[in-house]
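Colleague: Compact mmCIF, C-alpha atoms, saved as data_0.txt, coming up:
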# COMPACT_ATOMS: atom_id res chain seq x y z
CA MET O 1 52.14 23.13 0.68
CA ASN O 2 49.78 20.32 1.59
CA ALA O 3 46.61 20.27 -0.49
CA ILE O 4 44.39 19.04 2.36
CA ILE O 5 43.95 19.98 6.02
CA ALA O 6 42.57 17.94 8.92
CA ALA O 7 39.66 19.27 10.95
CA THR O 8 41.73 19.60 14.13
CA GLU O 9 44.45 21.50 12.30
CA LEU O 10 41.87 23.81 10.75
CA ALA O 11 40.38 24.55 14.17
CA SER O 12 43.83 25.59 15.40
CA GLU O 13 44.40 27.86 12.40
CA LEU O 14 40.99 29.48 12.77
CA ALA O 15 41.83 30.33 16.38
CA GLY O 16 45.15 31.89 15.37
CA PRO O 17 46.13 35.30 14.04
CA ALA O 18 46.08 34.33 10.34
CA ALA O 19 42.81 32.43 9.94
CA PRO O 20 42.08 31.14 6.43
CA LEU O 21 39.01 32.16 4.47
CA LEU O 22 36.41 29.37 4.46
CA LEU O 23 34.34 28.51 1.38
CA ASP O 24 31.35 26.15 1.67
CA VAL O 25 30.78 24.38 -1.65
CA ARG O 26 27.98 21.97 -0.80
CA TYR O 27 26.59 20.40 -3.95
CA GLN O 28 24.68 17.27 -4.93
CA MET O 29 24.47 16.31 -8.59
CA GLY O 30 20.83 16.29 -9.60
CA GLY O 31 19.82 17.22 -6.07
CA PRO O 32 18.55 20.38 -4.41
CA PRO O 33 20.75 23.50 -4.26
CA GLY O 34 23.32 23.57 -1.48
CA ARG O 35 22.48 27.01 -0.13
CA PRO O 36 19.54 25.91 2.08
CA THR O 37 21.72 23.32 3.84
CA TYR O 38 24.46 25.95 4.20
CA GLU O 39 21.99 28.37 5.78
CA ALA O 40 20.84 25.64 8.18
CA GLY O 41 24.37 25.36 9.55
CA HIS O 42 27.93 25.97 8.38
CA LEU O 43 31.43 26.49 9.73
CA PRO O 44 31.66 29.88 11.46
CA ASP O 45 32.38 32.68 8.94
CA ALA O 46 32.22 30.30 5.96
CA VAL O 47 30.92 31.80 2.70
CA TYR O 48 28.71 29.77 0.37
CA VAL O 49 29.84 29.26 -3.24
CA ASP O 50 27.54 27.72 -5.85
CA LEU O 51 29.24 25.08 -8.00
CA GLU O 52 26.96 25.21 -11.02
CA GLY O 53 26.56 28.98 -11.07
CA GLU O 54 30.05 30.11 -10.06
CA LEU O 55 32.47 27.19 -10.53
CA ALA O 56 31.19 26.03 -13.92
CA GLY O 57 29.82 27.51 -17.11
CA PRO O 58 26.47 26.59 -18.67
CA PRO O 59 26.29 22.98 -19.93
CA GLY O 60 26.71 22.50 -23.64
CA ALA O 61 29.10 21.18 -26.26
CA ALA O 62 32.05 21.67 -23.87
CA GLY O 63 30.46 19.38 -21.28
CA ARG O 64 28.09 19.45 -18.32
CA HIS O 65 30.43 21.45 -16.08
CA PRO O 66 32.81 23.39 -18.37
CA LEU O 67 35.14 26.06 -17.09
CA PRO O 68 33.22 29.13 -15.91
CA ASP O 69 33.49 32.43 -17.68
CA LEU O 70 36.60 33.95 -16.14
CA ALA O 71 34.87 37.25 -15.33
CA VAL O 72 31.99 35.44 -13.61
CA PHE O 73 34.40 33.31 -11.60
CA ALA O 74 36.54 36.31 -10.63
CA ALA O 75 33.50 38.29 -9.49
CA ALA O 76 32.20 35.35 -7.46
CA MET O 77 35.54 34.82 -5.73
CA ARG O 78 35.93 38.51 -4.90
CA ALA O 79 32.36 38.59 -3.56
CA ALA O 80 33.28 35.60 -1.37
CA GLY O 81 36.19 37.58 0.05
CA VAL O 82 39.01 35.79 -1.76
CA THR O 83 42.30 37.66 -1.83
CA ALA O 84 45.65 36.52 -3.14
CA GLY O 85 47.34 37.05 0.21
CA ARG O 86 44.98 35.05 2.44
CA PRO O 87 44.88 31.22 2.57
CA VAL O 88 41.63 29.56 1.51
CA VAL O 89 40.11 26.34 2.84
CA VAL O 90 37.19 24.80 0.97
CA TYR O 91 34.80 22.09 2.13
CA ASP O 92 31.55 20.44 1.16
CA GLY O 93 29.05 18.17 2.86
CA GLY O 94 29.56 14.95 0.96
CA GLN O 95 32.21 13.15 -1.03
CA GLY O 96 34.63 16.04 -1.32
CA TRP O 97 34.17 16.31 -5.07
CA ALA O 98 32.70 19.81 -5.09
CA ALA O 99 35.34 21.10 -2.69
CA ALA O 100 38.02 19.60 -4.93
CA ARG O 101 36.53 21.41 -7.93
CA ALA O 102 36.80 24.72 -6.05
CA TRP O 103 40.36 23.86 -4.96
CA TRP O 104 41.39 23.04 -8.53
CA LEU O 105 39.80 26.14 -10.06
CA LEU O 106 41.40 28.50 -7.55
CA ARG O 107 44.78 26.83 -7.98
CA TRP O 108 44.43 26.83 -11.79
CA ALA O 109 43.52 30.52 -11.61
CA GLY O 110 46.71 31.28 -9.70
CA HIS O 111 45.76 31.39 -6.01
CA PRO O 112 48.89 30.21 -4.18
CA ASP O 113 47.37 28.75 -0.99
CA VAL O 114 44.22 26.64 -1.22
CA ARG O 115 43.42 23.49 0.76
CA VAL O 116 40.47 21.13 1.10
CA LEU O 117 39.10 20.17 4.52
CA ASP O 118 39.82 16.43 4.65
CA GLY O 119 36.55 14.62 5.30
CA GLY O 120 34.49 17.78 4.82
CA LEU O 121 31.67 18.82 7.09
CA ALA O 122 31.31 15.35 8.61
CA ALA O 123 34.93 15.37 9.79
CA TRP O 124 34.52 18.88 11.22
CA GLN O 125 31.44 17.90 13.22
CA ALA O 126 32.99 14.61 14.34
CA SER O 127 35.93 16.57 15.76
CA GLY O 128 33.57 18.75 17.80
CA GLY O 129 33.91 21.78 15.53
CA ALA O 130 31.44 24.60 16.06
CA MET O 131 28.62 25.35 13.63
CA SER O 132 26.89 28.63 12.88
CA VAL O 133 23.71 29.88 11.20
CA ASP O 134 24.90 33.50 11.05
CA LYS O 135 24.71 35.32 7.75
CA VAL O 136 28.23 35.97 6.49
CA THR O 137 29.07 39.07 4.46
CA PRO O 138 32.82 39.15 3.93
CA PRO O 139 34.82 42.19 2.82
CA VAL O 140 35.12 42.16 -0.96
CA GLY O 141 38.32 40.46 -2.03
CA ASP O 142 40.88 41.50 -4.62
CA PHE O 143 41.55 38.16 -6.31
CA THR O 144 42.44 38.49 -9.99
CA PRO O 145 42.65 35.16 -11.86
CA ALA O 146 45.83 34.32 -13.73
CA PRO O 147 44.90 31.03 -15.45
CA GLY O 148 47.43 28.34 -16.16
CA ALA O 149 48.90 27.50 -12.77
CA MET O 150 47.50 23.94 -13.02
CA PRO O 151 47.71 21.87 -16.23
CA LEU O 152 44.55 21.60 -18.31
CA LEU O 153 43.70 19.12 -21.08
CA THR O 154 41.53 19.55 -24.15
CA ALA O 155 39.81 16.55 -25.73
CA ASP O 156 42.65 16.19 -28.24
CA ASP O 157 45.22 16.47 -25.43
CA ALA O 158 43.45 13.70 -23.50
CA ALA O 159 43.37 11.43 -26.55
CA ALA O 160 47.10 11.86 -27.09
CA LEU O 161 47.96 11.49 -23.41
CA ALA O 162 46.07 8.19 -23.19
CA HIS O 163 48.69 6.70 -25.50
CA ARG O 164 51.74 8.77 -24.52
CA GLY O 165 51.32 8.74 -20.73
CA VAL O 166 48.62 7.73 -18.24
CA LEU O 167 45.03 8.93 -18.56
CA LEU O 168 42.93 7.97 -15.54
CA ASP O 169 39.15 7.59 -15.80
CA ALA O 170 37.75 8.58 -12.40
CA ARG O 171 34.19 7.30 -12.95
CA ALA O 172 32.76 4.09 -11.53
CA GLY O 173 34.17 0.95 -13.12
CA GLU O 174 30.88 -0.07 -14.72
CA ARG O 175 30.65 3.25 -16.54
CA TYR O 176 34.26 2.93 -17.71
CA ARG O 177 33.56 -0.56 -19.04
CA GLY O 178 30.45 0.67 -20.86
CA GLU O 179 28.06 -1.56 -18.93
CA VAL O 180 25.87 1.40 -17.90
CA GLU O 181 25.66 5.11 -18.69
CA PRO O 182 23.05 6.94 -16.60
CA ILE O 183 23.86 10.46 -17.77
CA ASP O 184 25.77 10.89 -21.01
CA ARG O 185 24.92 10.11 -24.65
CA VAL O 186 26.87 6.89 -24.97
CA ALA O 187 28.67 4.44 -22.68
CA GLY O 188 32.36 3.55 -22.66
CA HIS O 189 35.68 5.32 -22.18
CA ILE O 190 38.42 7.19 -24.00
CA PRO O 191 40.59 4.62 -25.81
CA GLY O 192 43.74 3.91 -23.82
CA ALA O 193 42.40 5.33 -20.55
CA VAL O 194 42.80 3.40 -17.30
CA SER O 195 39.95 2.85 -14.85
CA ALA O 196 40.64 4.51 -11.48
CA PRO O 197 37.37 5.21 -9.60
CA THR O 198 37.48 8.31 -7.42
CA THR O 199 35.70 6.43 -4.64
CA GLU O 200 38.91 4.47 -4.00
CA ASN O 201 40.76 7.65 -2.95
CA VAL O 202 39.13 7.55 0.47
CA ALA O 203 39.07 5.09 3.33
CA ASP O 204 36.23 2.55 3.25
CA GLY O 205 32.98 4.07 4.48
CA SER O 206 34.61 7.47 4.90
CA THR O 207 35.15 10.75 3.11
CA VAL O 208 38.68 11.07 4.54
CA PHE O 209 41.57 10.54 2.12
CA ARG O 210 43.76 7.50 2.39
CA GLY O 211 47.31 8.28 3.52
CA ALA O 212 49.81 9.70 1.05
CA ALA O 213 51.85 6.49 0.89
CA GLU O 214 48.74 4.37 0.35
CA LEU O 215 47.53 6.68 -2.41
CA ALA O 216 50.95 6.65 -4.07
CA GLU O 217 50.90 2.84 -4.01
CA ARG O 218 47.40 2.80 -5.49
CA PHE O 219 48.31 5.11 -8.35
CA ALA O 220 51.66 3.42 -9.02
CA ALA O 221 49.78 0.18 -9.63
CA LEU O 222 47.89 2.02 -12.37
CA GLY O 223 51.08 3.42 -13.90
CA ALA O 224 50.69 6.89 -12.42
CA THR O 225 53.88 8.00 -10.69
CA ALA O 226 55.69 11.28 -10.18
CA ASP O 227 57.83 10.47 -13.23
CA ALA O 228 54.88 9.80 -15.52
CA GLU O 229 52.74 12.25 -17.48
CA VAL O 230 49.32 11.88 -15.87
CA GLY O 231 45.88 13.20 -16.78
CA VAL O 232 42.43 12.63 -15.32
CA TYR O 233 38.85 12.82 -16.55
CA CYS O 234 35.44 11.78 -15.21
CA GLY O 235 31.87 12.48 -16.30
CA SER O 236 31.93 16.27 -16.19
CA GLY O 237 35.19 17.40 -14.56
CA VAL O 238 34.03 17.40 -10.92
CA SER O 239 35.00 14.02 -9.46
CA ALA O 240 38.15 14.12 -11.60
CA ALA O 241 39.23 17.20 -9.63
CA HIS O 242 39.07 14.98 -6.53
CA GLN O 243 41.37 12.55 -8.32
CA VAL O 244 43.82 15.35 -9.17
CA LEU O 245 43.69 16.32 -5.48
CA ALA O 246 44.37 12.74 -4.37
CA LEU O 247 47.29 12.58 -6.79
CA ALA O 248 48.63 15.84 -5.33
CA VAL O 249 48.43 14.33 -1.84
CA ALA O 250 50.47 11.41 -3.20
CA GLY O 251 53.04 13.79 -4.71
CA ILE O 252 52.00 13.18 -8.32
CA PRO O 253 51.24 16.17 -10.58
CA ALA O 254 48.30 15.62 -12.92
CA ALA O 255 46.38 17.51 -15.59
CA LEU O 256 42.58 17.75 -15.63
CA TYR O 257 40.37 17.23 -18.69
CA VAL O 258 37.50 19.46 -17.59
CA GLY O 259 35.15 18.58 -20.47
CA SER O 260 35.55 14.90 -19.57
CA TRP O 261 33.21 12.19 -20.83
CA SER O 262 30.27 14.61 -21.19
CA GLU O 263 32.21 16.52 -23.83
CA TRP O 264 33.97 13.55 -25.38
CA SER O 265 30.83 11.43 -25.84
CA ALA O 266 28.81 14.34 -27.25
CA ASP O 267 31.02 14.35 -30.37
CA PRO O 268 30.11 11.32 -32.53
CA SER O 269 33.40 11.60 -34.41
CA ARG O 270 35.44 10.66 -31.32
CA PRO O 271 36.33 6.98 -30.81
CA ILE O 272 34.89 5.06 -27.87
CA ALA O 273 36.24 1.96 -26.15
CA THR O 274 34.41 -0.49 -23.89
CA GLY O 275 35.41 -3.40 -21.73
CA PRO O 276 38.12 -3.88 -19.09
CA GLN O 277 41.49 -2.19 -18.67
CA PRO O 278 43.75 -2.10 -21.74
CA GLY O 279 46.36 -4.83 -21.78
What's the structure tokens form of this structure?
Modeller:
Amino acid sequence: MNAIIAATELASELAGPAAPLLLDVRYQMGGPPGRPTYEAGHLPDAVYVDLEGELAGPPGAAGRHPLPDLAVFAAAMRAAGVTAGRPVVVYDGGQGWAAARAWWLLRWAGHPDVRVLDGGLAAWQASGGAMSVDKVTPPVGDFTPAPGAMPLLTADDAAALAHRGVLLDARAGERYRGEVEPIDRVAGHIPGAVSAPTTENVADGSTVFRGAAELAERFAALGATADAEVGVYCGSGVSAAHQVLALAVAGIPAALYVGSWSEWSADPSRPIATGPQPG
């Protein structure tokens, strides 16, 4: 199953007899809530899902966007109409990071058919897709999470993987190198990790993913191939989900360290590296 879907393909599926459920996961870190922009216009029949309230737990020692309480997540997905037998397509209005977080969580929780709208809302509108301001109240779904369908890393797992396999740091290069740190306690990266900014997953000036072959070439240059053991982290486990999604498009399985740098750097006992890529 492909992990992403083009806007034109989605339009065809929505017009068919087995339309997927649409989840709108608009989110801007540090910005206003996404619901008002959803209410101002969304894909027809799309249901809004709140990243910070439903796709993450409260910030704390486990990071800024830790895994949500499973009961809270399950209730939110059922309220959104998610069922195990109906495909789900998620989208957001920006970089695709929030949609990727929803994709990863649903896949990790055992949903068998979840895709991300490639290019998000911008791609849908550019293709001439219809918009709606209608209030959507879906039938309550029956989704019951069964965690473990996608690999998950703890801080200790990530530390070991950085030396045993390939641990990709999905943040901007200057944060990886420790030149700046606008959010977390201390700058730098997990020792042994490789810099791989999420922004390079998409075409220049776009939110659309690069082609599978181009992504595979990009990741191979960093040591991440289908034969390698690959993990990903970022600042708080959101943009890293986009990296896991890009790796899936390239045919490369990868584990996610959800706590990411916000968890790692909060523990003063954990080592920190700075500077360029390891030799």
Colleague: Which residues, written as number ranges by chain, have at least one atom at most 10 Å from Thr144 in chain O, with all atoms listed in the file counted and residues fewer than 5 positions away on the same chain left out?
Modeller: O: 70-71, 73-75, 77-78, 82-84, 109-111
Colleague: What does the structure give for the distance between CA of Ala159 in chain O and CA of Gly192 in chain O, in Å to one decimal?
Modeller: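 Separation between CA of Ala159 in chain O and CA of Gly192 in chain O: 8.0 Å.
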Colleague: Which residue gives the smallest distance to Gly34 in chain O among O:Val140, O:Ala162, O:Ala248, O:Leu51, with all atoms listed in the file counted?
Modeller: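 Residue with the minimum atom-to-atom distance to Gly34 in chain O: O:Leu51.
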Colleague: Skip range 53-61 of chain O itself and residues of its chain fewer than 2 positions away, then list as a count of residues only all residues within 10 Å of it, counting only C-alpha atoms.
Modeller: 34
Colleague: Using only C-alpha atoms, pick whichever of O:Pro151, O:Pro197, O:Gly173, O:Pro33 has the shortest atom-to-atom distance to Glu229 in chain O.
Modeller: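 Among the listed residues, O:Pro151 lies closest to Glu229 in chain O.
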Colleague: For Ala172 in chain O, find every residue with an atom within 9 Å (counting all atoms listed in the file), except residues of its own chain fewer than 6 positions away, and show them as a VMD selection string.
Modeller: chain O and resid 195 to 199 234
Colleague: Quick one: of O:Pro191, O:Gly128, O:Gly205, O:Pro253, who's nearest to His163 in chain O, counting all atoms listed in the file?
Modeller: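 Of the candidates, the smallest distance to His163 in chain O is held by O:Pro191.
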Colleague: Just the residues within 9 Å of Leu121 in chain O, please, counting all atoms listed in the file, with nothing from its chain fewer than 3 positions along; format it as a list in words.
Modeller: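 Surrounding residues, per the criterion: Ala7, His42, Leu43, Tyr91, Asp92, Gly93, Gly94, Leu117, Asp118, Trp124, Gln125 and Ala126 of chain O.
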Colleague: Write a file of the selected residues as a PDB file, in the frame of the given file, keeping C-alpha atoms.
Modeller:
ATOM      1  CA  ALA O   7      39.660  19.270  10.950  1.00  0.00           C
ATOM      2  CA  HIS O  42      27.930  25.970   8.380  1.00  0.00           C
ATOM      3  CA  LEU O  43      31.430  26.490   9.730  1.00  0.00           C
ATOM      4  CA  TYR O  91      34.800  22.090   2.130  1.00  0.00           C
ATOM      5  CA  ASP O  92      31.550  20.440   1.160  1.00  0.00           C
ATOM      6  CA  GLY O  93      29.050  18.170   2.860  1.00  0.00           C
ATOM      7  CA  GLY O  94      29.560  14.950   0.960  1.00  0.00           C
ATOM      8  CA  LEU O 117      39.100  20.170   4.520  1.00  0.00           C
ATOM      9  CA  ASP O 118      39.820  16.430   4.650  1.00  0.00           C
ATOM     10  CA  TRP O 124      34.520  18.880  11.220  1.00  0.00           C
ATOM     11  CA  GLN O 125      31.440  17.900  13.220  1.00  0.00           C
ATOM     12  CA  ALA O 126      32.990  14.610  14.340  1.00  0.00           C
TER      13      ALA O 126
END
Colleague: One decimal, Å: what's the distance from CA of Leu14 in chain O over to CA of Phe143 in chain O, could you say?
Modeller: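 These two atoms are separated by 21.0 Å.
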Colleague: Hey, can you check how far CA of Val249 in chain O sits from CA of Ala3 in chain O?
Modeller: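 Going from CA of Val249 in chain O over to CA of Ala3 in chain O, I get 6.4 Å.
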Colleague: Give the answer as one residue: which of O:Pro182, O:Gly96, O:Gly165, O:Gly81 has the shortest atom-to-atom distance to Pro139 in chain O, using all atoms listed in the file?
Modeller: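 The shortest atom-to-atom distance to Pro139 in chain O comes from O:Gly81.
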Colleague: Which residues come within 9 Å of Leu22 in chain O, counting all atoms listed in the file, excluding same-chain residues fewer than 3 positions away, as an mmCIF file with C-alpha atoms, in the coordinates of the input?
Modeller:
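Written output follows (out30.cif):
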data_model
loop_
_atom_site.group_PDB
_atom_site.id
_atom_site.type_symbol
_atom_site.label_atom_id
_atom_site.label_comp_id
_atom_site.auth_asym_id
_atom_site.auth_seq_id
_atom_site.Cartn_x
_atom_site.Cartn_y
_atom_site.Cartn_z
ATOM 1 C CA ALA O 19 42.810 32.430 9.940
ATOM 2 C CA LEU O 43 31.430 26.490 9.730
ATOM 3 C CA PRO O 44 31.660 29.880 11.460
ATOM 4 C CA ASP O 45 32.380 32.680 8.940
ATOM 5 C CA ALA O 46 32.220 30.300 5.960
ATOM 6 C CA VAL O 47 30.920 31.800 2.700
ATOM 7 C CA TYR O 48 28.710 29.770 0.370
ATOM 8 C CA PRO O 87 44.880 31.220 2.570
ATOM 9 C CA VAL O 88 41.630 29.560 1.510
ATOM 10 C CA VAL O 89 40.110 26.340 2.840
ATOM 11 C CA VAL O 90 37.190 24.800 0.970
ATOM 12 C CA TYR O 91 34.800 22.090 2.130
#
Colleague: So, with all atoms listed in the file as the atoms that count, which of O:Val194, O:Val186, O:Leu10, O:Val116 lies closest to Trp97 in chain O?
Modeller: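 Smallest distance to Trp97 in chain O is found for O:Val116.
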Colleague: Which residue out of O:Asp169, O:Asp113, O:Glu13, O:Asp24 has the minimum interatomic distance to Gly41 in chain O when all atoms listed in the file are used?
Modeller: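 Result for the nearest residue to Gly41 in chain O: O:Asp24.
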Colleague: Taking all listed atoms of range 44-54 of chain O, build the axis-aligned box, pad each of the six sides by 5 Å, then write its centre and edge lengths in Å to one decimal as AutoDock Vina command-line options.
Modeller:
--center_x 29.5 --center_y 28.9 --center_z 0.2 --size_x 15.8 --size_y 17.6 --size_z 32.5
